[in-house]
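**Student:** Mind looking over this structure? Questions follow.
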Amino acid sequence: MSNRLQNETSPYLLQHAENPVNWYPWGEEAFAKAKQEDKPIFLSVGYSTCHWCHVMAHESFENAEIAEILNRYFVAVKVDREERPDIDSVYMTVCQALTGSGGWPMSVFLTSEQKPFYAGTYFPPVSRYGVIGFRDLLLAIAEKWKTDRKALLESAEYIVSHIASVSSADSADAAEIDASLPQKAAELFSQSFDRKHGGFGTAPKFPAAHNLIFLSLYSVIYQEDGVFRQVSFTLEQMRRGGIFDQIGFGFSRYSTDERFLVPHFEKMLYDNALLMLAYAVAYRISKRELFLDTAEKTADYILREMTGSQGEFYSAQDADSEGQEGKYYVWEHEEICALLGKAAGSDFCSHFGITAQGNFEGKNIPNLLNGSAISQEFERERELLYHHRRSRAALHLDRKILTSWNALMICALSALYRVTGNQRYLSAAEKNQAFIENYLRKGNLLSVSCCEGVSSVNGFLDDYAYYAAALLFLYHVTAKDDYLKEAERILEEAELQFADQENGGYFLYGTRNSSLIAKPKETYDGAMPSGNSVMAYCLVRMFQLTDAERYRIRAEKQLRFLSGKAKEYPAGHALFQIALLLYLEPPQQITIVRAKDESEPELSELPFYADVKILPEPTAAYQLLNGRTTYYVCKNHTCLPPSNEAPVVL
């Protein structure tokens with residue numbers, strides 16, 4: 001048994017190719033069938049490592065009775081949200097408006113014109129505890145479609161007009177760039193800071209590492225030590241908690257509790273990339289080895305378990321194995337003692353908070369929240385447990401290669417190279433960039449993803465913005481002009497495809513993407529920074545690196561646009577705040593002329609908040625002083641006298 005998903009490349013869609021549900025991919029074939037057979041569409045959106053997507057699939061989509069109802073009365077469409085963020089964005093807005101919340105799996109009922117009239121997330125197979133079951137919901141909507149379709153169609157028209165009005169209001173532009181927003185954002189974070197457990201707000205706690213990066217830079221630029229103490233405590237608590245895999249390294253998606261002990265066990269590429277960046281920046285500011293150790297261990301995990309043979313980075317590892325969330329990661333006290341020996345096992349368990357009673361459903365998540373030292377003391381034992389864990393039922397690995405997420409990992413590896421000088425990280429970043437060029441880029445055009453060498457749909461704003469940022473990061477650490485030129489080409493293409501020239505900002509999908517019932521502009525920096533915020537960062541950096549007037553104009557226009565969006569809740573726009581900080585307080589520009597008989601300066605020893613270019617020999621503008629390696633330092637078009645001493649500030 002198979003359906004129309006069998007020829008797709010998305011791992012998520014292929015997971016459903018053998019369902020008894022007659023799934024269609026999103027497209028004209030499904031819409032035409034719905035129109036011809038006079039049926040509504042059931043749209044299911046999820047991703048391959050989503051726990052509740054698995055649950056609903058097992059309970060409902062693999063259920064022959066429910067599948068028969070779905071096939072009889074509906075046209076069923078499956079969408080991978082990571083492959084089609086445009087569809088996900090539009091209908092998630094609907095889901096949140098109708099239910100007050102959102103999430104995955106997302107379940108939406110549409111007309112054949114893709115107009116939604118009912119939405120929700122997970123539904124149990126049968127009605128229970130006051131929640132309608134999926135079977136009963138399907139039958140109720142099918143009956144309503146037959147007997148009172150007018151009400152459903154009126155609901156659809158109202159929802160579409162509401163989305164259109166929201167999109168129209170979303171075009172409002174600020175009159176000026178608001179320089180007060182970073183301070184307001186920092187104050188909001190401070191108000192929600194959890195002084196006992198670290199992090200911000202209450203459970204569940206998402207890492208949102210770009211918030212921490214913003215606060216780190218803010219603390220340095222404005223000498224706010226208290227702000228960095230909040231960042232430092234949060235980073236340490238996450239490193240100590242179960243959200244960090246103490247046995248195999250890397251971070252899970254979020255913590256279900258306020259202590260960072262119990263994670264939602266799936267591991268996402270983007271979370272680990274952003275957290276590597278956050279820990280690298282914190283290390284550069286504080287020189288705390290804990291932060292560098294965490295960044296490097298996270299990189300070890302990515303390069304060991306999430307990297308393909310050509311340098312590509314996979315999307316995610318599942319939380320579930322053998323039908324249970326977290327089973328792969330948890331331990332029993334007796335199990336560890338049997339593996340390591342009673343004495344060594346008891347010491348290990350005491351160090352990592354592992355007890356006979358357990359800390360998670362009768363079993364244990366290794367952690368250091370008990371205050372144990374973060375050290376190499378139990379490295380041999382950890383490796384033994386890691387290799388034993390590898391013998392357990394394997395976790396599903398989503399091998400889809402996403403352009404935007406891979407670009408984000410390039411940024412992280414470049415930053416880690418910048419603070420360590422370890423060539424391994426730069427090599428991995430450049431190898432991945434070559435993969436993107438070979439498999440995900442054609443001319444100036446990007447694809448969203450590829451799997452098994454086959455690329456998917458045309459890229460969206462996030463793909464162009466993130467890849468431009470990756471190229472700028474590579475230029476930042478190599479000073480290779482080719483990276484800067486390629487970033488310019490990608491940004492020019494983004495301008496052509498996605499820019500709203502009249503109202504400001506950039507649309508999520510553009511001229512080379514298929515149209516939907518709404519055209520969103522995403523500006524909120526949630527689990528990942530928005531494409532608009534990353535564009536602001538890229539445009540500011542491009543202006544500072546090239547001094548080109550067109551980039552100044554675009555950067556300031558984008559900062560005005562986002563100032564208008566961020567004014568209601570500045571803390572929800574942390575990546576934009578980073579771009580704004582860079583604009584308000586430009587990094588130093590350091591040009592180094594290297595003397596031939598002296599070794600090249602180590603990037604890791606130079607100021608982090610600076611643009612560095614190393615010249616192999618003198619030029620007309622940059623000469624050697626006293627015949628020795630010479631440093632030229634400028635900021636805001638004001639330069640210090642040349643010096644043989646390297647600058648020491650951040």
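In the structure tokens, chains take letters A, B, ... by order of appearance, with residues numbered from 1 within each chain and ligands from 1 in the order shown.
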Residues within 12 Å of Leu152 (chain A), please, as a ChimeraX atom specification. Count only C-alpha atoms; anything in the same chain fewer than 4 positions from it doesn't count.
**Tutor:** /A:40,109-111,115-118,140-148,156-159
**Student:** Considering only strand (DSSP E) as DSSP defines it on the backbone, what residues of region 379-571 of chain A qualify? List them as a PDB file with C-alpha atoms, in the first residue's frame.
**Tutor:**
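Dumped to states12.pdb:
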```pdb
ATOM      1  CA  LEU A 397      17.738  11.026  11.692  1.00  0.00           C
ATOM      2  CA  ASP A 398      16.140  13.575   9.376  1.00  0.00           C
ATOM      3  CA  ILE A 401      19.624  19.351   4.119  1.00  0.00           C
ATOM      4  CA  LEU A 402      18.053  22.762   4.741  1.00  0.00           C
ATOM      5  CA  ARG A 441      22.412  27.025  -5.501  1.00  0.00           C
ATOM      6  CA  LYS A 442      22.074  27.576  -9.237  1.00  0.00           C
ATOM      7  CA  LEU A 445      18.937  31.118  -7.004  1.00  0.00           C
ATOM      8  CA  LEU A 446      18.697  28.976  -3.885  1.00  0.00           C
ATOM      9  CA  SER A 449      16.494  21.911   0.786  1.00  0.00           C
ATOM     10  CA  CYS A 450      17.766  18.746  -0.767  1.00  0.00           C
ATOM     11  CA  CYS A 451      17.676  15.100   0.178  1.00  0.00           C
ATOM     12  CA  VAL A 454      17.706  16.088  -5.104  1.00  0.00           C
ATOM     13  CA  SER A 455      16.796  19.723  -4.396  1.00  0.00           C
TER      14      SER A 455
END
```
**Student:** Give me the residues near Ala434 (chain A) as a PDB file with C-alpha atoms, in the first residue's frame, where near means some atom within 9 Å (using only C-alpha atoms) and where sequence neighbours in that chain fewer than 4 positions away do not count.
**Tutor:**
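Once everything was written out, this is result-v2.pdb:
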```pdb
ATOM      1  CA  GLN A 310      30.265  15.924   1.714  1.00  0.00           C
ATOM      2  CA  GLY A 311      30.098  18.262   4.688  1.00  0.00           C
ATOM      3  CA  ALA A 429      32.305  25.616   7.502  1.00  0.00           C
ATOM      4  CA  GLU A 430      33.973  25.968   4.105  1.00  0.00           C
ATOM      5  CA  ASN A 438      26.989  22.449  -5.519  1.00  0.00           C
ATOM      6  CA  TYR A 439      23.555  21.212  -4.490  1.00  0.00           C
TER       7      TYR A 439
END
```
**Student:** Between A:Gly453, A:Gly362, A:Gly103, A:Pro11, which residue has the minimum interatomic distance to Gly308 (chain A), considering only C-alpha atoms?
**Tutor:**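 Using only C-alpha atoms, the shortest distance to Gly308 (chain A) belongs to A:Gly453.
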**Student:** Give me every helix (DSSP H, G or I) residue in region 432-626 of chain A, going by DSSP on the backbone, as a tab-separated table (two decimals) with N, CA and C atoms, in the first residue's frame.
**Tutor:**
```
chain	number	residue	atom	x	y	z
A	432	ASN	N	30.97	22.88	4.01
A	432	ASN	CA	29.52	22.99	3.92
A	432	ASN	C	29.10	24.06	2.92
A	433	GLN	N	29.84	25.15	2.90
A	433	GLN	CA	29.53	26.21	1.93
A	433	GLN	C	29.68	25.68	0.50
A	434	ALA	N	30.69	24.84	0.28
A	434	ALA	CA	30.87	24.24	-1.05
A	434	ALA	C	29.70	23.31	-1.37
A	435	PHE	N	29.18	22.60	-0.38
A	435	PHE	CA	28.01	21.74	-0.60
A	435	PHE	C	26.81	22.58	-1.03
A	436	ILE	N	26.58	23.68	-0.33
A	436	ILE	CA	25.45	24.54	-0.70
A	436	ILE	C	25.60	25.02	-2.14
A	437	GLU	N	26.81	25.42	-2.51
A	437	GLU	CA	27.05	25.89	-3.88
A	437	GLU	C	26.76	24.78	-4.90
A	438	ASN	N	27.12	23.55	-4.56
A	438	ASN	CA	26.99	22.45	-5.52
A	438	ASN	C	25.57	21.90	-5.62
A	439	TYR	N	24.84	21.92	-4.51
A	439	TYR	CA	23.56	21.21	-4.49
A	439	TYR	C	22.34	22.10	-4.25
A	440	LEU	N	22.54	23.29	-3.71
A	440	LEU	CA	21.40	24.11	-3.31
A	440	LEU	C	21.38	25.48	-3.97
A	461	LEU	N	12.74	33.72	1.76
A	461	LEU	CA	13.56	34.80	2.29
A	461	LEU	C	14.62	34.29	3.26
A	462	ASP	N	14.24	33.40	4.17
A	462	ASP	CA	15.18	32.92	5.17
A	462	ASP	C	16.40	32.26	4.54
A	463	ASP	N	16.21	31.55	3.44
A	463	ASP	CA	17.33	30.88	2.79
A	463	ASP	C	18.35	31.91	2.28
A	464	TYR	N	17.86	32.96	1.66
A	464	TYR	CA	18.76	33.99	1.13
A	464	TYR	C	19.40	34.79	2.26
A	465	ALA	N	18.62	35.17	3.25
A	465	ALA	CA	19.16	35.98	4.34
A	465	ALA	C	20.21	35.20	5.14
A	466	TYR	N	19.89	33.96	5.50
A	466	TYR	CA	20.83	33.16	6.29
A	466	TYR	C	22.10	32.83	5.50
A	467	TYR	N	21.94	32.55	4.21
A	467	TYR	CA	23.13	32.21	3.43
A	467	TYR	C	24.01	33.43	3.23
A	468	ALA	N	23.40	34.60	3.03
A	468	ALA	CA	24.20	35.82	2.95
A	468	ALA	C	24.96	36.05	4.25
A	469	ALA	N	24.30	35.80	5.39
A	469	ALA	CA	24.97	35.95	6.69
A	469	ALA	C	26.14	34.97	6.80
A	470	ALA	N	25.94	33.74	6.33
A	470	ALA	CA	27.02	32.75	6.39
A	470	ALA	C	28.22	33.20	5.58
A	471	LEU	N	27.97	33.73	4.40
A	471	LEU	CA	29.07	34.23	3.56
A	471	LEU	C	29.79	35.40	4.22
A	472	LEU	N	29.04	36.25	4.91
A	472	LEU	CA	29.66	37.37	5.62
A	472	LEU	C	30.49	36.88	6.81
A	473	PHE	N	30.01	35.85	7.50
A	473	PHE	CA	30.80	35.26	8.59
A	473	PHE	C	32.10	34.68	8.06
A	474	LEU	N	32.02	33.99	6.92
A	474	LEU	CA	33.24	33.42	6.33
A	474	LEU	C	34.21	34.52	5.90
A	475	TYR	N	33.66	35.57	5.33
A	475	TYR	CA	34.52	36.70	4.97
A	475	TYR	C	35.16	37.30	6.22
A	476	HIS	N	34.41	37.37	7.29
A	476	HIS	CA	34.87	37.96	8.54
A	476	HIS	C	36.10	37.23	9.09
A	477	VAL	N	36.14	35.90	8.89
A	477	VAL	CA	37.26	35.14	9.47
A	477	VAL	C	38.34	34.78	8.46
A	478	THR	N	38.09	34.96	7.16
A	478	THR	CA	39.11	34.62	6.16
A	478	THR	C	39.59	35.82	5.37
A	481	ASP	N	37.88	37.91	-0.48
A	481	ASP	CA	36.94	38.80	-1.16
A	481	ASP	C	35.81	38.04	-1.86
A	482	ASP	N	36.08	36.81	-2.28
A	482	ASP	CA	35.04	36.05	-2.98
A	482	ASP	C	33.79	35.87	-2.11
A	483	TYR	N	33.99	35.67	-0.82
A	483	TYR	CA	32.83	35.49	0.07
A	483	TYR	C	32.01	36.78	0.13
A	484	LEU	N	32.66	37.92	0.18
A	484	LEU	CA	31.95	39.19	0.22
A	484	LEU	C	31.19	39.42	-1.08
A	485	LYS	N	31.81	39.10	-2.20
A	485	LYS	CA	31.16	39.28	-3.51
A	485	LYS	C	29.94	38.37	-3.63
A	486	GLU	N	30.07	37.12	-3.16
A	486	GLU	CA	28.93	36.21	-3.23
A	486	GLU	C	27.80	36.65	-2.31
A	487	ALA	N	28.14	37.19	-1.16
A	487	ALA	CA	27.10	37.72	-0.27
A	487	ALA	C	26.34	38.85	-0.96
A	488	GLU	N	27.07	39.70	-1.68
A	488	GLU	CA	26.41	40.79	-2.42
A	488	GLU	C	25.45	40.24	-3.45
A	489	ARG	N	25.86	39.21	-4.18
A	489	ARG	CA	25.00	38.62	-5.21
A	489	ARG	C	23.73	38.04	-4.60
A	490	ILE	N	23.87	37.35	-3.47
A	490	ILE	CA	22.71	36.75	-2.81
A	490	ILE	C	21.77	37.84	-2.29
A	491	LEU	N	22.33	38.90	-1.72
A	491	LEU	CA	21.49	39.99	-1.21
A	491	LEU	C	20.78	40.73	-2.33
A	492	GLU	N	21.43	40.88	-3.46
A	492	GLU	CA	20.77	41.53	-4.61
A	492	GLU	C	19.61	40.67	-5.10
A	493	GLU	N	19.79	39.36	-5.12
A	493	GLU	CA	18.70	38.47	-5.54
A	493	GLU	C	17.54	38.53	-4.54
A	494	ALA	N	17.87	38.59	-3.25
A	494	ALA	CA	16.83	38.71	-2.23
A	494	ALA	C	16.04	40.00	-2.42
A	495	GLU	N	16.74	41.07	-2.77
A	495	GLU	CA	16.08	42.35	-3.01
A	495	GLU	C	15.09	42.24	-4.16
A	496	LEU	N	15.50	41.55	-5.22
A	496	LEU	CA	14.63	41.40	-6.39
A	496	LEU	C	13.40	40.55	-6.08
A	497	GLN	N	13.59	39.49	-5.32
A	497	GLN	CA	12.50	38.54	-5.12
A	497	GLN	C	11.54	38.91	-3.99
A	498	PHE	N	12.06	39.47	-2.89
A	498	PHE	CA	11.26	39.53	-1.66
A	498	PHE	C	10.96	40.93	-1.13
A	531	GLY	N	13.63	36.08	8.95
A	531	GLY	CA	14.38	36.49	7.77
A	531	GLY	C	14.55	37.99	7.69
A	532	ASN	N	13.55	38.74	8.15
A	532	ASN	CA	13.67	40.20	8.13
A	532	ASN	C	14.77	40.69	9.06
A	533	SER	N	14.89	40.08	10.24
A	533	SER	CA	15.94	40.49	11.17
A	533	SER	C	17.32	40.15	10.62
A	534	VAL	N	17.43	38.96	10.02
A	534	VAL	CA	18.73	38.56	9.46
A	534	VAL	C	19.08	39.46	8.27
A	535	MET	N	18.08	39.86	7.50
A	535	MET	CA	18.35	40.82	6.41
A	535	MET	C	18.87	42.14	6.97
A	536	ALA	N	18.29	42.59	8.07
A	536	ALA	CA	18.78	43.83	8.70
A	536	ALA	C	20.25	43.67	9.08
A	537	TYR	N	20.58	42.54	9.69
A	537	TYR	CA	21.98	42.28	10.05
A	537	TYR	C	22.88	42.32	8.81
A	538	CYS	N	22.48	41.61	7.76
A	538	CYS	CA	23.31	41.53	6.56
A	538	CYS	C	23.49	42.90	5.90
A	539	LEU	N	22.43	43.68	5.85
A	539	LEU	CA	22.51	44.99	5.19
A	539	LEU	C	23.39	45.95	5.98
A	540	VAL	N	23.28	45.92	7.31
A	540	VAL	CA	24.14	46.76	8.14
A	540	VAL	C	25.60	46.35	7.96
A	541	ARG	N	25.86	45.05	8.02
A	541	ARG	CA	27.24	44.58	7.87
A	541	ARG	C	27.78	44.89	6.49
A	542	MET	N	26.94	44.73	5.47
A	542	MET	CA	27.41	44.99	4.11
A	542	MET	C	27.76	46.46	3.92
A	543	PHE	N	26.97	47.33	4.51
A	543	PHE	CA	27.30	48.77	4.44
A	543	PHE	C	28.62	49.04	5.14
A	544	GLN	N	28.82	48.45	6.31
A	544	GLN	CA	30.05	48.71	7.06
A	544	GLN	C	31.28	48.13	6.38
A	545	LEU	N	31.10	47.03	5.66
A	545	LEU	CA	32.25	46.39	5.01
A	545	LEU	C	32.57	46.98	3.65
A	546	THR	N	31.55	47.52	2.96
A	546	THR	CA	31.78	48.04	1.61
A	546	THR	C	31.69	49.55	1.51
A	549	GLU	N	26.72	53.14	-0.70
A	549	GLU	CA	25.58	53.95	-0.32
A	549	GLU	C	24.27	53.17	-0.42
A	550	ARG	N	24.17	52.29	-1.42
A	550	ARG	CA	22.90	51.55	-1.57
A	550	ARG	C	22.63	50.67	-0.37
A	551	TYR	N	23.67	50.16	0.28
A	551	TYR	CA	23.47	49.33	1.45
A	551	TYR	C	23.14	50.18	2.68
A	552	ARG	N	23.66	51.38	2.73
A	552	ARG	CA	23.28	52.27	3.83
A	552	ARG	C	21.79	52.58	3.74
A	553	ILE	N	21.33	52.90	2.53
A	553	ILE	CA	19.92	53.25	2.33
A	553	ILE	C	19.03	52.06	2.69
A	554	ARG	N	19.38	50.87	2.21
A	554	ARG	CA	18.56	49.68	2.49
A	554	ARG	C	18.60	49.31	3.97
A	555	ALA	N	19.78	49.42	4.56
A	555	ALA	CA	19.92	49.07	5.97
A	555	ALA	C	19.07	49.98	6.84
A	556	GLU	N	19.14	51.26	6.59
A	556	GLU	CA	18.37	52.21	7.41
A	556	GLU	C	16.87	52.05	7.18
A	557	LYS	N	16.48	51.77	5.94
A	557	LYS	CA	15.06	51.53	5.67
A	557	LYS	C	14.58	50.29	6.43
A	558	GLN	N	15.39	49.22	6.44
A	558	GLN	CA	15.01	48.00	7.14
A	558	GLN	C	14.99	48.20	8.65
A	559	LEU	N	15.92	48.99	9.17
A	559	LEU	CA	15.94	49.26	10.60
A	559	LEU	C	14.74	50.11	11.01
A	560	ARG	N	14.31	51.02	10.16
A	560	ARG	CA	13.09	51.80	10.44
A	560	ARG	C	11.88	50.87	10.45
A	561	PHE	N	11.80	50.00	9.44
A	561	PHE	CA	10.68	49.07	9.34
A	561	PHE	C	10.59	48.20	10.61
A	562	LEU	N	11.72	47.64	11.01
A	562	LEU	CA	11.71	46.75	12.17
A	562	LEU	C	11.58	47.51	13.49
A	563	SER	N	12.00	48.77	13.52
A	563	SER	CA	11.74	49.58	14.72
A	563	SER	C	10.25	49.68	14.97
A	564	GLY	N	9.48	49.81	13.89
A	564	GLY	CA	8.02	49.86	14.03
A	564	GLY	C	7.45	48.56	14.54
A	565	LYS	N	8.03	47.44	14.09
A	565	LYS	CA	7.54	46.13	14.53
A	565	LYS	C	7.92	45.82	15.97
A	566	ALA	N	9.11	46.27	16.38
A	566	ALA	CA	9.66	45.87	17.68
A	566	ALA	C	9.18	46.75	18.83
A	570	PRO	N	10.02	44.83	22.45
A	570	PRO	CA	11.39	44.80	21.92
A	570	PRO	C	12.13	43.49	22.18
A	571	ALA	N	11.82	42.80	23.28
A	571	ALA	CA	12.54	41.56	23.60
A	571	ALA	C	12.19	40.42	22.64
A	572	GLY	N	11.15	40.58	21.85
A	572	GLY	CA	10.78	39.56	20.88
A	572	GLY	C	11.48	39.70	19.55
A	574	ALA	N	15.21	39.97	19.09
A	574	ALA	CA	16.60	40.03	19.56
A	574	ALA	C	17.60	40.11	18.42
A	575	LEU	N	17.37	39.40	17.32
A	575	LEU	CA	18.34	39.47	16.23
A	575	LEU	C	18.30	40.85	15.56
A	576	PHE	N	17.11	41.42	15.46
A	576	PHE	CA	17.02	42.81	15.00
A	576	PHE	C	17.79	43.73	15.93
A	577	GLN	N	17.69	43.49	17.25
A	577	GLN	CA	18.42	44.33	18.20
A	577	GLN	C	19.94	44.21	18.00
A	578	ILE	N	20.41	43.03	17.62
A	578	ILE	CA	21.83	42.85	17.31
A	578	ILE	C	22.21	43.71	16.10
A	579	ALA	N	21.38	43.66	15.06
A	579	ALA	CA	21.65	44.49	13.88
A	579	ALA	C	21.65	45.97	14.26
A	580	LEU	N	20.72	46.37	15.13
A	580	LEU	CA	20.63	47.76	15.55
A	580	LEU	C	21.86	48.16	16.37
A	581	LEU	N	22.32	47.28	17.26
A	581	LEU	CA	23.54	47.56	18.01
A	581	LEU	C	24.73	47.76	17.08
A	582	LEU	N	24.85	46.90	16.08
A	582	LEU	CA	25.95	47.02	15.12
A	582	LEU	C	25.89	48.35	14.38
A	583	TYR	N	24.67	48.79	14.08
A	583	TYR	CA	24.49	50.07	13.38
A	583	TYR	C	24.83	51.24	14.30
A	584	LEU	N	24.34	51.18	15.54
A	584	LEU	CA	24.54	52.29	16.48
A	584	LEU	C	25.98	52.35	16.99
A	603	LEU	N	43.74	35.12	15.04
A	603	LEU	CA	42.43	35.77	15.11
A	603	LEU	C	41.84	35.66	16.50
A	604	SER	N	42.10	34.53	17.17
A	604	SER	CA	41.52	34.30	18.49
A	604	SER	C	42.05	35.27	19.53
A	605	GLU	N	43.16	35.91	19.24
A	605	GLU	CA	43.74	36.86	20.19
A	605	GLU	C	43.36	38.30	19.89
```
**Student:** Quick check, in Å to one decimal: how far apart do CA of Val227 (chain A) and CA of Ala186 (chain A) lie?
**Tutor:** 7.6 Å
**Student:** Which of these residues is nearest to Leu508 (chain A), using only C-alpha atoms: A:Val166, A:Val108, A:Leu217, A:Val90?
**Tutor:**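 Ranked by minimum distance to Leu508 (chain A), first place goes to A:Val90.
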**Student:** Tell me, in Å to one decimal, how far CA of Ala278 (chain A) is from CA of Ala527 (chain A).
**Tutor:** 14.2 Å
**Student:** From the list A:Asn3, A:Ser180, A:Phe260, A:Ala343, which residue is nearest Pro25 (chain A) when using only C-alpha atoms?
**Tutor:**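 Ranking A:Asn3, A:Ser180, A:Phe260, A:Ala343 by distance to Pro25 (chain A), first place goes to A:Asn3.
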**Student:** Which residues, written as a list in words, have at least one atom at most 10 Å from Arg304 (chain A), with only C-alpha atoms counted and residues fewer than 5 positions away on the same chain left out?
**Tutor:**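 Non-adjacent residues within range: Gly248, Thr298 and Ala299 of chain A.
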**Student:** For the residues in that selection, give me N, CA and C atoms as a compact mmCIF listing (two decimals), in the first residue's frame.
**Tutor:**
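Result file is part35.txt:
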```txt
# COMPACT_ATOMS: atom_id res chain seq x y z
N GLY A 248 26.45 12.29 25.21
CA GLY A 248 26.82 12.39 23.80
C GLY A 248 26.95 13.79 23.28
N THR A 298 29.55 20.72 21.66
CA THR A 298 28.39 20.78 20.75
C THR A 298 28.84 20.61 19.31
N ALA A 299 29.95 21.25 18.95
CA ALA A 299 30.51 21.07 17.61
C ALA A 299 30.92 19.61 17.39
```
**Student:** Determine the nearest neighbour of Trp26 (chain A) from the options A:Asn370, A:Gln357, A:Ser112, A:Ser192, counting only C-alpha atoms.
**Tutor:** A:Ser112
**Student:** Calculated over only C-alpha atoms, which of the candidates A:Tyr73, A:Tyr328, A:Phe233, A:Tyr279 has the smallest distance to Asp293 (chain A)?
**Tutor:** A:Tyr279
**Student:** Under the rule that only C-alpha atoms are counted, which of A:Glu18, A:Ile132, A:Val94, A:Glu113 is the nearest residue to Lys33 (chain A)?
**Tutor:**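 Nearest to Lys33 (chain A): A:Glu113.
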**Student:** For CA of Glu236 (chain A) and CA of Lys297 (chain A), quote the distance in Å rounded to one decimal.
**Tutor:**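 Taking CA of Glu236 (chain A) as the start and CA of Lys297 (chain A) as the end point, the length is 14.1 Å.
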**Student:** Taking 2 positions as the minimum chain separation for residues in the same chain, which residues sit within 8 Å of Tyr632 (chain A) when counting only C-alpha atoms? Answer as a list in words.
**Tutor:**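 Those residues are Gln589, Ile590, Thr591, Ile592, Tyr622, Thr630, Cys634, Cys639, Leu640, Pro641, Pro642 and Ser643 of chain A.
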**Student:** Would you give me, as a tab-separated table, each residue of region 422-524 of chain A having an atom within 9 Å of an atom of region 74-85 of chain A, along with its shortest atom pair and that distance in Å to one decimal, using only C-alpha atoms and sorting by chain and residue number?
**Tutor:**
```
residue	atom	partner	partner_atom	distance
A:Val448	CA	A:Glu83	CA	6.3
A:Ser449	CA	A:Glu83	CA	6.7
A:Ser456	CA	A:Glu83	CA	7.6
A:Val457	CA	A:Glu83	CA	7.6
A:Phe460	CA	A:Pro85	CA	8.1
A:Leu508	CA	A:Pro85	CA	8.4
A:Tyr509	CA	A:Pro85	CA	9.0
```
**Student:** Restricting it to C-alpha atoms, dump the selection as a CSV table (one decimal), in the first residue's frame.
**Tutor:**
```
chain,number,residue,atom,x,y,z
A,448,VAL,CA,15.0,25.4,0.3
A,449,SER,CA,16.5,21.9,0.8
A,456,SER,CA,13.3,20.8,-3.5
A,457,VAL,CA,11.3,24.0,-4.0
A,460,PHE,CA,12.3,31.6,0.6
A,508,LEU,CA,8.5,35.4,3.3
A,509,TYR,CA,7.9,34.2,-0.2
```
**Student:** Find the spatial neighbours of region 289-291 of chain A, counting only C-alpha atoms, within a cut-off of 10 Å - ignore same-chain residues fewer than 6 positions away - and output them as a list in words.
**Tutor:**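 Here the qualifying residues turn out to be Ser232, Leu235, Glu236, Arg239, Met276, Ala278, Tyr279, Ala280, Val281, Ala282, Tyr283, Lys297, Ile374 and Ser375 of chain A.
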